[in-house]
$ cat coords_24.txt   # compact mmCIF, C-alpha atoms (C1' of nucleotides)
# COMPACT_ATOMS: atom_id res chain seq x y z
CA MET A 1 160.00 114.41 188.27
CA GLU A 2 161.89 117.68 188.39
CA ARG A 3 159.05 119.37 186.59
CA LEU A 4 156.63 118.00 189.15
CA GLY A 5 158.77 119.36 191.93
CA ASN A 6 158.76 122.77 190.34
CA LEU A 7 155.04 122.73 189.86
CA MET A 8 154.46 121.73 193.46
CA ARG A 9 156.57 124.63 194.59
CA THR A 10 154.85 127.00 192.20
CA GLU A 11 151.53 125.85 193.53
CA LEU A 12 152.71 126.41 197.09
CA ARG A 13 153.98 129.84 196.22
CA LYS A 14 150.70 130.81 194.66
CA SER A 15 148.44 129.60 197.44
CA GLY A 16 150.81 131.06 199.98
CA SER A 17 150.91 134.48 198.41
CA ASP A 18 147.24 134.96 199.18
CA GLU A 19 148.19 135.00 202.82
CA SER A 20 151.64 136.44 202.18
CA LEU A 21 153.28 133.23 203.33
CA GLN A 22 156.37 131.67 201.79
CA PRO A 23 156.40 128.12 200.43
CA VAL A 24 158.40 126.93 203.37
CA HIS A 25 155.78 128.18 205.80
CA LEU A 26 153.07 126.16 204.16
CA GLN A 27 155.35 123.15 204.06
CA ALA A 28 155.89 123.51 207.78
CA LEU A 29 152.17 123.72 208.45
CA VAL A 30 151.50 120.70 206.29
CA TYR A 31 154.15 118.74 208.12
CA LEU A 32 152.88 119.69 211.54
CA SER A 33 149.39 118.68 210.57
CA LYS A 34 150.67 115.19 209.88
CA ALA A 35 153.41 114.68 212.46
CA ASN A 36 152.86 112.16 215.24
CA ARG A 37 153.79 112.60 218.87
CA TYR A 38 157.47 111.83 218.34
CA SER A 39 157.84 114.20 215.43
CA ASN A 40 156.22 117.49 216.34
CA THR A 41 159.42 119.27 217.35
CA PRO A 42 161.56 121.94 215.67
CA GLN A 43 164.41 119.50 215.15
CA ALA A 44 162.23 116.98 213.38
CA LEU A 45 160.85 119.68 211.13
CA ALA A 46 164.38 120.81 210.31
CA ASP A 47 165.35 117.27 209.32
CA TYR A 48 162.22 116.95 207.25
CA LEU A 49 162.74 120.17 205.34
CA GLY A 50 166.49 119.75 205.04
CA LEU A 51 167.15 123.07 206.74
CA THR A 52 169.20 123.96 209.79
CA LYS A 53 167.56 124.21 213.17
CA GLY A 54 168.40 127.88 213.37
CA THR A 55 166.53 128.59 210.18
CA VAL A 56 163.55 126.56 211.25
CA SER A 57 163.52 128.30 214.60
CA GLN A 58 162.91 131.59 212.84
CA THR A 59 160.27 130.11 210.63
CA LEU A 60 158.44 128.90 213.71
CA LEU A 61 158.84 132.27 215.35
CA LEU A 62 157.03 133.84 212.45
CA LEU A 63 154.28 131.23 212.40
CA ASP A 64 153.86 131.74 216.12
CA ARG A 65 153.55 135.50 215.77
CA ARG A 66 150.90 134.91 213.16
CA GLY A 67 149.05 132.67 215.57
CA LEU A 68 149.14 129.71 213.23
CA ILE A 69 150.91 127.36 215.61
CA GLU A 70 151.19 126.82 219.35
CA ARG A 71 154.35 125.92 221.22
CA PHE A 72 154.58 124.37 224.65
CA GLU A 73 157.21 122.64 226.68
CA ASP A 74 157.54 118.90 226.92
CA ASP A 75 156.70 117.57 230.38
CA ILE A 76 159.55 115.12 230.62
CA ASP A 77 162.44 116.63 228.70
CA ARG A 78 162.22 120.32 229.34
CA ARG A 79 164.56 121.18 226.50
CA VAL A 80 162.21 120.16 223.74
CA VAL A 81 159.37 122.23 222.41
CA ARG A 82 156.21 120.59 221.18
CA LEU A 83 154.43 122.14 218.24
CA ARG A 84 150.93 121.91 216.98
CA LEU A 85 148.65 123.81 214.67
CA SER A 86 146.38 126.36 216.23
CA ALA A 87 142.75 126.57 215.21
CA SER A 88 143.49 129.31 212.72
CA GLY A 89 146.43 127.32 211.39
CA GLU A 90 144.18 124.38 210.68
CA ARG A 91 141.66 126.64 209.08
CA LEU A 92 144.29 128.17 206.83
CA LEU A 93 145.47 124.77 205.75
CA TYR A 94 141.96 123.63 205.13
CA GLU A 95 141.17 126.63 202.97
CA SER A 96 144.32 126.53 200.87
CA GLN A 97 144.06 122.75 200.45
CA PRO A 98 147.44 121.92 198.96
CA ALA A 99 146.32 118.34 198.43
CA LEU A 100 143.35 119.36 196.35
CA ALA A 101 145.40 120.12 193.27
CA TRP A 102 146.74 116.59 193.35
CA GLN A 103 143.33 115.09 193.61
CA ASN A 104 142.31 117.03 190.57
CA ALA A 105 145.44 116.13 188.68
CA THR A 106 144.80 112.43 189.14
CA ARG A 107 141.10 112.50 188.43
CA ASN A 108 141.51 110.90 185.00
CA ILE A 109 143.77 108.09 186.14
CA SER A 110 142.41 104.74 187.23
CA PRO A 111 142.73 103.98 190.94
CA ASN A 112 144.69 100.88 190.10
CA ARG A 113 147.37 102.74 188.22
CA ILE A 114 147.57 105.28 191.00
CA ARG A 115 148.11 102.54 193.56
CA ASN A 116 150.91 101.05 191.50
CA ALA A 117 152.58 104.38 190.95
CA VAL A 118 152.31 105.28 194.61
CA SER A 119 153.86 102.03 195.73
CA ALA A 120 156.73 102.40 193.28
CA LEU A 121 157.32 105.95 194.44
CA ARG A 122 157.23 104.82 198.03
CA GLU A 123 159.99 102.35 197.34
CA ALA A 124 162.07 104.95 195.57
CA LEU A 125 161.53 107.30 198.47
CA GLU A 126 162.73 104.68 200.90
CA THR A 127 165.91 104.03 198.96
CA LEU A 128 166.48 107.72 198.53
CA GLN A 129 166.17 108.31 202.24
CA GLU A 130 168.63 105.53 202.95
CA ASP A 131 171.16 106.95 200.54
CA ASN A 132 170.85 110.36 202.09
CA GLU A 133 171.69 108.88 205.47
CA GLY A 134 169.46 111.47 207.03
CA THR A 135 166.52 110.94 209.29
CA MET A 136 163.98 108.53 207.87
CA PHE A 137 160.34 109.50 207.76
CA GLY A 138 157.38 107.20 207.31
CA ASP A 139 154.26 105.88 208.96
CA CYS A 140 153.68 102.84 211.14
CA GLN A 141 152.15 100.84 208.32
CA SER A 142 155.52 99.85 206.94
CA CYS A 143 157.66 100.41 210.04
CA SER A 144 159.48 97.52 211.64
CA TRP A 145 158.83 98.86 215.13
CA SER A 146 155.10 98.69 214.76
CA GLN A 147 153.22 95.94 216.59
CA LYS A 148 149.54 95.21 216.28
CA LEU A 149 147.98 94.57 219.68
CA SER A 150 144.35 94.28 218.68
CA GLN A 151 141.93 95.32 216.02
CA ARG A 152 142.48 99.00 216.63
CA ILE A 153 145.37 99.32 219.02
CA TYR A 154 148.97 99.36 217.88
CA ARG A 155 152.19 99.71 219.77
CA CYS A 156 155.57 101.22 218.93
CA GLY A 157 158.24 98.72 219.94
CA ARG A 158 160.87 101.38 220.00
CA MET A 159 159.18 103.84 222.32
CA GLY A 160 156.86 101.45 224.12
CA ASP A 161 153.75 103.56 223.68
CA ARG A 162 150.39 102.36 222.55
CA LEU A 163 149.15 104.17 219.49
CA SER A 164 145.62 104.71 218.27
CA GLY A 165 144.63 103.86 214.73
CA PRO A 166 144.73 107.39 213.36
CA GLU A 167 148.11 108.03 214.90
CA THR A 168 149.63 105.11 213.02
CA ARG A 169 148.97 106.94 209.80
CA LYS A 170 150.90 110.04 210.75
CA ILE A 171 154.47 110.86 209.85
CA CYS A 172 157.10 109.59 212.25
CA ARG A 173 160.77 110.49 212.47
CA ILE A 174 161.96 107.25 214.05
CA TYR A 175 160.62 105.25 211.18
CA GLN A 176 162.49 102.09 210.29
CA ALA A 177 161.71 100.28 207.06
CA LYS A 178 160.59 96.69 207.33
CA VAL A 179 162.34 94.09 205.15
CA GLU A 180 165.84 95.16 206.16
CA GLU A 181 167.16 93.98 209.52
CA SER A 182 166.76 96.53 212.24
CA VAL A 183 170.06 97.65 213.71
CA MET B 1 154.82 113.23 197.03
CA GLU B 2 155.50 116.20 199.26
CA ARG B 3 158.24 114.29 200.97
CA LEU B 4 159.79 113.53 197.61
CA GLY B 5 159.70 117.17 196.72
CA ASN B 6 161.49 118.05 199.92
CA LEU B 7 164.12 115.42 199.40
CA MET B 8 164.76 116.61 195.88
CA ARG B 9 165.28 120.09 197.15
CA THR B 10 167.49 118.90 199.98
CA GLU B 11 169.54 116.98 197.48
CA LEU B 12 169.86 120.05 195.30
CA ARG B 13 170.87 122.14 198.27
CA LYS B 14 173.54 119.67 199.26
CA SER B 15 175.13 119.23 195.87
CA GLY B 16 174.88 122.95 195.29
CA SER B 17 176.59 123.90 198.50
CA ASP B 18 179.78 122.28 197.29
CA GLU B 19 179.97 125.00 194.68
CA SER B 20 178.18 127.56 196.83
CA LEU B 21 175.24 127.55 194.48
CA GLN B 22 171.61 127.78 195.52
CA PRO B 23 169.01 125.18 194.56
CA VAL B 24 167.46 127.52 192.05
CA HIS B 25 170.76 127.91 190.24
CA LEU B 26 171.11 124.23 189.70
CA GLN B 27 167.52 124.03 188.59
CA ALA B 28 168.20 126.69 186.02
CA LEU B 29 171.26 124.85 184.72
CA VAL B 30 169.36 121.60 184.50
CA TYR B 31 166.60 123.28 182.59
CA LEU B 32 168.94 124.96 180.14
CA SER B 33 170.67 121.67 179.48
CA LYS B 34 167.35 120.26 178.33
CA ALA B 35 165.60 123.20 176.68
CA ASN B 36 165.11 123.14 172.93
CA ARG B 37 165.56 126.04 170.56
CA TYR B 38 162.22 127.63 171.41
CA SER B 39 162.72 127.44 175.12
CA ASN B 40 166.20 128.68 175.96
CA THR B 41 165.15 132.20 176.94
CA PRO B 42 164.83 133.94 180.28
CA GLN B 43 161.07 134.16 179.97
CA ALA B 44 160.70 130.44 179.37
CA LEU B 45 162.89 129.70 182.37
CA ALA B 46 160.79 132.03 184.50
CA ASP B 47 157.62 130.20 183.46
CA TYR B 48 159.25 126.89 184.15
CA LEU B 49 160.42 127.79 187.63
CA GLY B 50 157.31 129.73 188.50
CA LEU B 51 159.28 132.90 189.24
CA THR B 52 159.01 136.41 187.85
CA LYS B 53 161.20 137.45 184.97
CA GLY B 54 162.94 140.03 187.11
CA THR B 55 164.00 137.39 189.59
CA VAL B 56 165.20 135.08 186.88
CA SER B 57 167.12 137.88 185.25
CA GLN B 58 169.21 138.23 188.37
CA THR B 59 169.75 134.52 188.63
CA LEU B 60 171.07 134.50 185.09
CA LEU B 61 173.27 137.48 185.83
CA LEU B 62 174.93 135.50 188.59
CA LEU B 63 175.33 132.38 186.47
CA ASP B 64 176.85 134.52 183.75
CA ARG B 65 179.35 136.11 186.12
CA ARG B 66 180.33 132.63 187.17
CA GLY B 67 180.88 131.67 183.58
CA LEU B 68 178.39 128.84 183.72
CA ILE B 69 176.17 130.09 180.91
CA GLU B 70 176.49 132.14 177.77
CA ARG B 71 174.02 134.74 176.55
CA PHE B 72 173.69 136.06 173.04
CA GLU B 73 171.14 137.98 171.07
CA ASP B 74 168.62 136.35 168.84
CA ASP B 75 169.26 137.11 165.17
CA ILE B 76 165.66 137.73 164.21
CA ASP B 77 164.01 139.21 167.26
CA ARG B 78 166.62 141.38 168.85
CA ARG B 79 164.74 141.70 172.11
CA VAL B 80 165.17 138.11 173.14
CA VAL B 81 168.26 136.64 174.70
CA ARG B 82 169.30 133.09 173.95
CA LEU B 83 170.89 131.08 176.72
CA ARG B 84 173.05 128.02 176.71
CA LEU B 85 175.40 126.27 179.07
CA SER B 86 179.06 127.08 178.77
CA ALA B 87 181.64 124.32 178.82
CA SER B 88 182.24 124.80 182.53
CA GLY B 89 178.49 124.84 183.12
CA GLU B 90 178.14 121.47 181.44
CA ARG B 91 181.06 120.13 183.40
CA LEU B 92 179.53 121.30 186.66
CA LEU B 93 176.26 119.63 185.82
CA TYR B 94 178.01 116.46 184.80
CA GLU B 95 179.95 116.29 188.03
CA SER B 96 177.08 117.01 190.37
CA GLN B 97 174.79 114.62 188.47
CA PRO B 98 171.43 115.45 189.96
CA ALA B 99 169.86 112.56 188.06
CA LEU B 100 172.22 110.02 189.58
CA ALA B 101 170.45 109.95 192.91
CA TRP B 102 167.26 108.98 191.14
CA GLN B 103 168.88 106.19 189.26
CA ASN B 104 170.14 104.82 192.52
CA ALA B 105 166.81 105.25 194.22
CA THR B 106 165.06 103.17 191.59
CA ARG B 107 167.67 100.45 191.30
CA ASN B 108 165.56 97.90 193.11
CA ILE B 109 162.38 98.52 191.18
CA SER B 110 161.52 96.54 188.09
CA PRO B 111 161.70 98.49 184.80
CA ASN B 112 158.12 97.60 184.12
CA ARG B 113 156.85 99.17 187.32
CA ILE B 114 158.93 102.23 186.66
CA ARG B 115 157.42 102.60 183.21
CA ASN B 116 153.93 102.40 184.61
CA ALA B 117 154.66 104.86 187.35
CA VAL B 118 156.28 107.29 184.95
CA SER B 119 153.36 107.20 182.58
CA ALA B 120 150.89 107.78 185.38
CA LEU B 121 152.95 110.67 186.67
CA ARG B 122 153.17 112.11 183.21
CA GLU B 123 149.41 112.14 182.96
CA ALA B 124 149.08 113.78 186.34
CA LEU B 125 151.65 116.35 185.30
CA GLU B 126 149.69 117.12 182.17
CA THR B 127 146.47 117.66 184.06
CA LEU B 128 148.26 119.71 186.67
CA GLN B 129 149.74 121.97 184.02
CA GLU B 130 146.34 122.45 182.45
CA ASP B 131 144.78 123.39 185.77
CA ASN B 132 147.51 125.89 186.46
CA GLU B 133 146.76 127.60 183.17
CA GLY B 134 150.41 128.43 182.89
CA THR B 135 152.79 127.61 180.11
CA MET B 136 152.82 123.93 179.23
CA PHE B 137 156.11 122.09 179.00
CA GLY B 138 156.77 118.78 177.31
CA ASP B 139 158.66 117.09 174.52
CA CYS B 140 157.70 116.40 170.93
CA GLN B 141 156.92 112.77 171.61
CA SER B 142 153.48 113.55 172.92
CA CYS B 143 152.98 116.96 171.35
CA SER B 144 150.18 117.51 168.88
CA TRP B 145 152.32 119.82 166.76
CA SER B 146 154.92 117.20 166.05
CA GLN B 147 155.02 115.66 162.58
CA LYS B 148 157.21 112.79 161.52
CA LEU B 149 158.80 113.46 158.13
CA SER B 150 161.08 110.46 157.86
CA GLN B 151 162.87 107.93 159.97
CA ARG B 152 164.90 110.55 161.75
CA ILE B 153 163.54 113.91 160.75
CA TYR B 154 160.63 115.52 162.53
CA ARG B 155 158.90 118.81 162.04
CA CYS B 156 157.14 121.23 164.37
CA GLY B 157 153.83 122.16 162.77
CA ARG B 158 153.55 125.26 164.92
CA MET B 159 156.89 126.82 164.09
CA GLY B 160 157.54 125.17 160.75
CA ASP B 161 161.07 124.06 161.57
CA ARG B 162 162.55 120.68 160.96
CA LEU B 163 163.89 119.08 164.10
CA SER B 164 166.54 116.44 164.53
CA GLY B 165 165.90 113.32 166.56
CA PRO B 166 167.72 114.44 169.70
CA GLU B 167 165.99 117.79 169.67
CA THR B 168 162.58 116.15 169.80
CA ARG B 169 163.45 114.81 173.22
CA LYS B 170 164.18 118.18 174.75
CA ILE B 171 161.83 120.33 176.75
CA CYS B 172 159.65 122.69 174.78
CA ARG B 173 157.54 125.59 176.02
CA ILE B 174 155.00 125.56 173.21
CA TYR B 175 154.06 122.01 173.97
CA GLN B 176 150.48 121.01 173.29
CA ALA B 177 149.17 117.71 174.58
CA LYS B 178 147.80 115.31 172.01
CA VAL B 179 144.38 113.74 172.65
CA GLU B 180 142.68 117.05 173.36
CA GLU B 181 141.72 119.24 170.43
CA SER B 182 144.22 121.96 169.72
CA VAL B 183 142.77 125.42 170.05
C1' DC C 1 153.80 157.33 162.41
C1' DT C 2 151.62 156.55 167.02
C1' DT C 3 150.18 153.18 170.38
C1' DT C 4 150.45 148.89 172.50
C1' DT C 5 152.59 144.74 173.61
C1' DT C 6 156.47 141.87 174.72
C1' DC C 7 161.36 140.71 176.27
C1' DG C 8 164.73 141.83 179.24
C1' DT C 9 167.17 144.70 182.86
C1' DA C 10 167.81 147.68 187.16
C1' DT C 11 166.76 148.97 191.75
C1' DC C 12 164.73 148.50 196.35
C1' DG C 13 162.89 146.36 200.33
C1' DA C 14 161.41 142.20 202.70
C1' DT C 15 162.71 137.88 204.17
C1' DC C 16 164.80 133.39 203.81
C1' DC C 17 168.76 130.83 205.04
C1' DG C 18 173.34 129.29 206.93
C1' DA C 19 177.04 130.11 210.20
C1' DT C 20 178.25 131.06 214.55
C1' DA C 21 177.76 131.72 219.24
C1' DC C 22 175.00 131.15 223.11
C1' DT C 23 171.83 129.21 227.04
C1' DA C 24 169.62 125.50 229.20
C1' DA C 25 168.66 120.76 230.12
C1' DT C 26 169.99 115.86 229.92
C1' DG C 27 173.13 112.04 230.50
C1' DG C 28 177.38 109.65 231.33
C1' DG C 29 181.63 108.84 233.48
C1' DG C 30 184.72 109.15 237.58
C1' DC D 1 178.46 114.87 243.40
C1' DC D 2 181.05 117.18 239.73
C1' DC D 3 182.83 117.73 235.16
C1' DC D 4 182.34 117.01 230.47
C1' DA D 5 179.93 115.84 226.34
C1' DT D 6 175.68 115.88 223.93
C1' DT D 7 171.31 117.63 222.52
C1' DA D 8 167.23 121.07 221.92
C1' DG D 9 166.41 125.42 220.96
C1' DT D 10 167.28 130.58 220.45
C1' DA D 11 169.67 135.03 219.00
C1' DT D 12 172.24 137.63 215.82
C1' DC D 13 174.52 138.81 211.57
C1' DG D 14 175.44 138.86 206.70
C1' DG D 15 174.59 137.16 202.11
C1' DA D 16 171.32 136.18 198.71
C1' DT D 17 166.61 135.01 196.90
C1' DC D 18 162.40 136.96 195.46
C1' DG D 19 158.51 140.15 194.15
C1' DA D 20 157.13 144.81 192.92
C1' DT D 21 157.93 148.53 190.31
C1' DA D 22 159.89 151.23 186.96
C1' DC D 23 162.45 151.54 182.86
C1' DG D 24 164.33 150.93 177.97
C1' DA D 25 164.23 148.83 173.54
C1' DA D 26 162.45 146.15 169.92
C1' DA D 27 158.49 144.33 167.64
C1' DA D 28 153.63 144.36 166.46
C1' DA D 29 149.24 146.56 165.84
C1' DG D 30 146.39 150.21 164.13
$ encode --input "coords_24.txt" --output "structure tokens"
Amino acid sequence: MERLGNLMRTELRKSGSDESLQPVHLQALVYLSKANRYSNTPQALADYLGLTKGTVSQTLLLLDRRGLIERFEDDIDRRVVRLRLSASGERLLYESQPALAWQNATRNISPNRIRNAVSALREALETLQEDNEGTMFGDCQSCSWSQKLSQRIYRCGRMGDRLSGPETRKICRIYQAKVEESV
Amino acid sequence: MERLGNLMRTELRKSGSDESLQPVHLQALVYLSKANRYSNTPQALADYLGLTKGTVSQTLLLLDRRGLIERFEDDIDRRVVRLRLSASGERLLYESQPALAWQNATRNISPNRIRNAVSALREALETLQEDNEGTMFGDCQSCSWSQKLSQRIYRCGRMGDRLSGPETRKICRIYQAKVEESV
DNA sequence: CTTTTTCGTATCGATCCGATACTAATGGGG
DNA sequence: CCCCATTAGTATCGGATCGATACGAAAAAG
């Protein structure tokens, strides 16, 4: 596992160096490309990366100067800043394709084994997040707040919003694992 | 997977901050604690971490000043420097126990599922290392150079040395995956 | 005995990162 | 309504990582 972590970071460093970006910048872009409406803020990104908000603020400043992200105020709470990838940010991510290396790496493994491994890792991730008593991250699929309204429409019981199908597959910071009782 | 990588790094950062060490320092210590006789050099560590040798050289300088590692010349090739953990380095590693978090995270998963997941990940890791055309790392167990001489004694066909049982489970930089033909 | 290659170190500049202090907005008491 | 606490984000400073480059020394090649 440690070796995998190193390789992932090496990979990030390499693909980032083409654009003279640091690993953390690419990580931020990847996160923003997958964060849902509750999770596209500087604070959420800081929790996700395990960095302080001050540090992340500078990272975002740089990404903004580069034109890779856009920032705009929230309508309701005017303290929070909403983030999203700009067109060029999406293009950059698409061209560097961090996920591609993984697809290649697993090309010789049967889909069934991959599914099993992924589910085991997901469990480990859940336990690890609990132990770290930090913010939990996950998607609606295994979140106890998620409610299915119809074939395609879901609802977050915590926030009260209706969510489209694609949005239920994004990363959320108010994720709460099923199974366990919700506090 | 990306989330796991982040959490690992966050974990490293946290346990390192107690001793005011950076994540990369702990990674270096962990590596050195598991590197075999062919792999305990600055260059090997640089390949492992995906950093340049100059960068690693400074990291080692710091660890040396802290008394966490020991450096000494190689007897045969007097250019290379051999590295090993000092007593206090081992103690530090033992106390921070980076592996402990993983053991806890997998406590609720059946050993069988873990075995399957590990083997799938190992395959992915192998393919990933091949794609990256960098140095391969692995242990004798699945290395094509390894020869079993007796119940407990192994031999590296590449270097011609006899290796003890424990040493065959360490990380080696001249690893060559089985299955595929050796070039 | 040259020339080249390889292992490691030294120095410099860019930049990440945490700590601290700060502003602004929200929310909760009384 | 006012004061205080909390939260989101920014600004600034110093320490330290990291890559690039240059360098020295030993080994290998020719």
$ interface_residues --input "coords_24.txt" --of "chain A" --to "chain D" --cutoff "8 Å" --atoms "only C-alpha atoms (C1' of nucleotides)" --output "PyMOL selection string"
chain A and resi 42-43+53-54+57+79-81
$ closest_residue --input "coords_24.txt" --among "A:Asn36, A:Val24, A:Asp77, A:Cys172" --to "Leu60 (chain A)" --atoms "all atoms listed in the file"
A:Val24
$ closest_residue --input "coords_24.txt" --among "B:Met136, B:Ala44, B:Met8, B:Leu92" --to "chain C" --atoms "only C-alpha atoms (C1' of nucleotides)"
B:Ala44
$ interface_residues --input "coords_24.txt" --of "chain C" --to "chain A" --cutoff "8 Å" --atoms "all atoms listed in the file" --output "short mmCIF file (atom, residue, chain, number, x, y, z; two decimals) with C-alpha atoms (C1' of nucleotides), in the frame of the given file"
data_model
loop_
_atom_site.label_atom_id
_atom_site.label_comp_id
_atom_site.auth_asym_id
_atom_site.auth_seq_id
_atom_site.Cartn_x
_atom_site.Cartn_y
_atom_site.Cartn_z
"C1'" DC C 17 168.76 130.83 205.04
"C1'" DG C 18 173.34 129.29 206.93
"C1'" DA C 24 169.62 125.50 229.20
"C1'" DA C 25 168.66 120.76 230.12
"C1'" DT C 26 169.99 115.86 229.92
#
$ atom_distance --input "coords_24.txt" --atom1 "CA of Asp47 (chain B)" --atom2 "CA of Val30 (chain B)"
14.6 Å
$ closest_atom_pairs --input "coords_24.txt" --of "chain B" --to "chain A" --cutoff "6 Å" --atoms "only C-alpha atoms" --output "Markdown table"
| residue | atom | partner | partner_atom | distance |
| --- | --- | --- | --- | --- |
| B:Gly5 | CA | A:Gly5 | CA | 5.3 |
| B:Asn6 | CA | A:Leu49 | CA | 6.0 |
| B:Thr10 | CA | A:Gly50 | CA | 5.2 |
| B:Leu49 | CA | A:Asn6 | CA | 5.9 |
| B:Gly50 | CA | A:Thr10 | CA | 5.2 |
| B:Ala105 | CA | A:Ala124 | CA | 4.9 |
| B:Thr106 | CA | A:Ala124 | CA | 5.3 |
| B:Ala117 | CA | A:Ala117 | CA | 4.2 |
| B:Ala124 | CA | A:Ala105 | CA | 4.9 |
| B:Thr127 | CA | A:Ala105 | CA | 5.0 |
| B:Leu128 | CA | A:Ala105 | CA | 5.0 |
$ atom_distance --input "coords_24.txt" --atom1 "CA of Asn40 (chain B)" --atom2 "CA of Leu163 (chain B)"
15.4 Å
$ atom_distance --input "coords_24.txt" --atom1 "CA of Gly157 (chain A)" --atom2 "CA of Leu83 (chain A)"
23.8 Å
$ closest_residue --input "coords_24.txt" --among "A:Ile76, A:Leu21, A:Ala177, A:Leu149" --to "DT15 (chain C)" --atoms "only C-alpha atoms (C1' of nucleotides)"
A:Leu21
$ residues_around --input "coords_24.txt" --residues "Gly160 (chain A)" --least-positions-apart "6" --cutoff "12 Å" --atoms "only C-alpha atoms (C1' of nucleotides)" --output "number ranges by chain"
A: 38, 145-147, 154
$ decode --input "coords_24.txt" --residues "region 141-173 of chain A" --atoms "C-alpha atoms" --output "CSV table (one decimal), in the first residue's frame"
chain,number,residue,atom,x,y,z
A,141,GLN,CA,-24.7,5.4,-2.7
A,142,SER,CA,-23.7,4.3,0.7
A,143,CYS,CA,-24.8,7.4,2.7
A,144,SER,CA,-27.4,7.1,5.4
A,145,TRP,CA,-28.9,10.5,4.5
A,146,SER,CA,-29.7,9.5,1.0
A,147,GLN,CA,-33.3,8.8,0.1
A,148,LYS,CA,-34.6,7.5,-3.2
A,149,LEU,CA,-37.6,9.5,-4.4
A,150,SER,CA,-38.1,7.9,-7.8
A,151,GLN,CA,-36.2,6.2,-10.6
A,152,ARG,CA,-33.8,9.0,-11.1
A,153,ILE,CA,-34.4,11.5,-8.3
A,154,TYR,CA,-32.8,11.3,-5.0
A,155,ARG,CA,-32.9,13.4,-1.9
A,156,CYS,CA,-30.5,14.3,0.8
A,157,GLY,CA,-32.3,13.9,4.2
A,158,ARG,CA,-29.7,16.1,5.9
A,159,MET,CA,-29.9,19.1,3.7
A,160,GLY,CA,-33.3,18.6,2.2
A,161,ASP,CA,-32.3,19.1,-1.4
A,162,ARG,CA,-33.3,16.9,-4.3
A,163,LEU,CA,-30.3,15.5,-6.1
A,164,SER,CA,-30.0,14.4,-9.7
A,165,GLY,CA,-28.6,11.0,-10.5
A,166,PRO,CA,-25.1,12.2,-11.5
A,167,GLU,CA,-24.8,14.3,-8.4
A,168,THR,CA,-25.3,11.3,-6.2
A,169,ARG,CA,-22.1,9.9,-7.5
A,170,LYS,CA,-20.0,12.9,-6.5
A,171,ILE,CA,-17.9,13.3,-3.4
A,172,CYS,CA,-19.7,14.7,-0.4
A,173,ARG,CA,-18.3,16.1,2.8
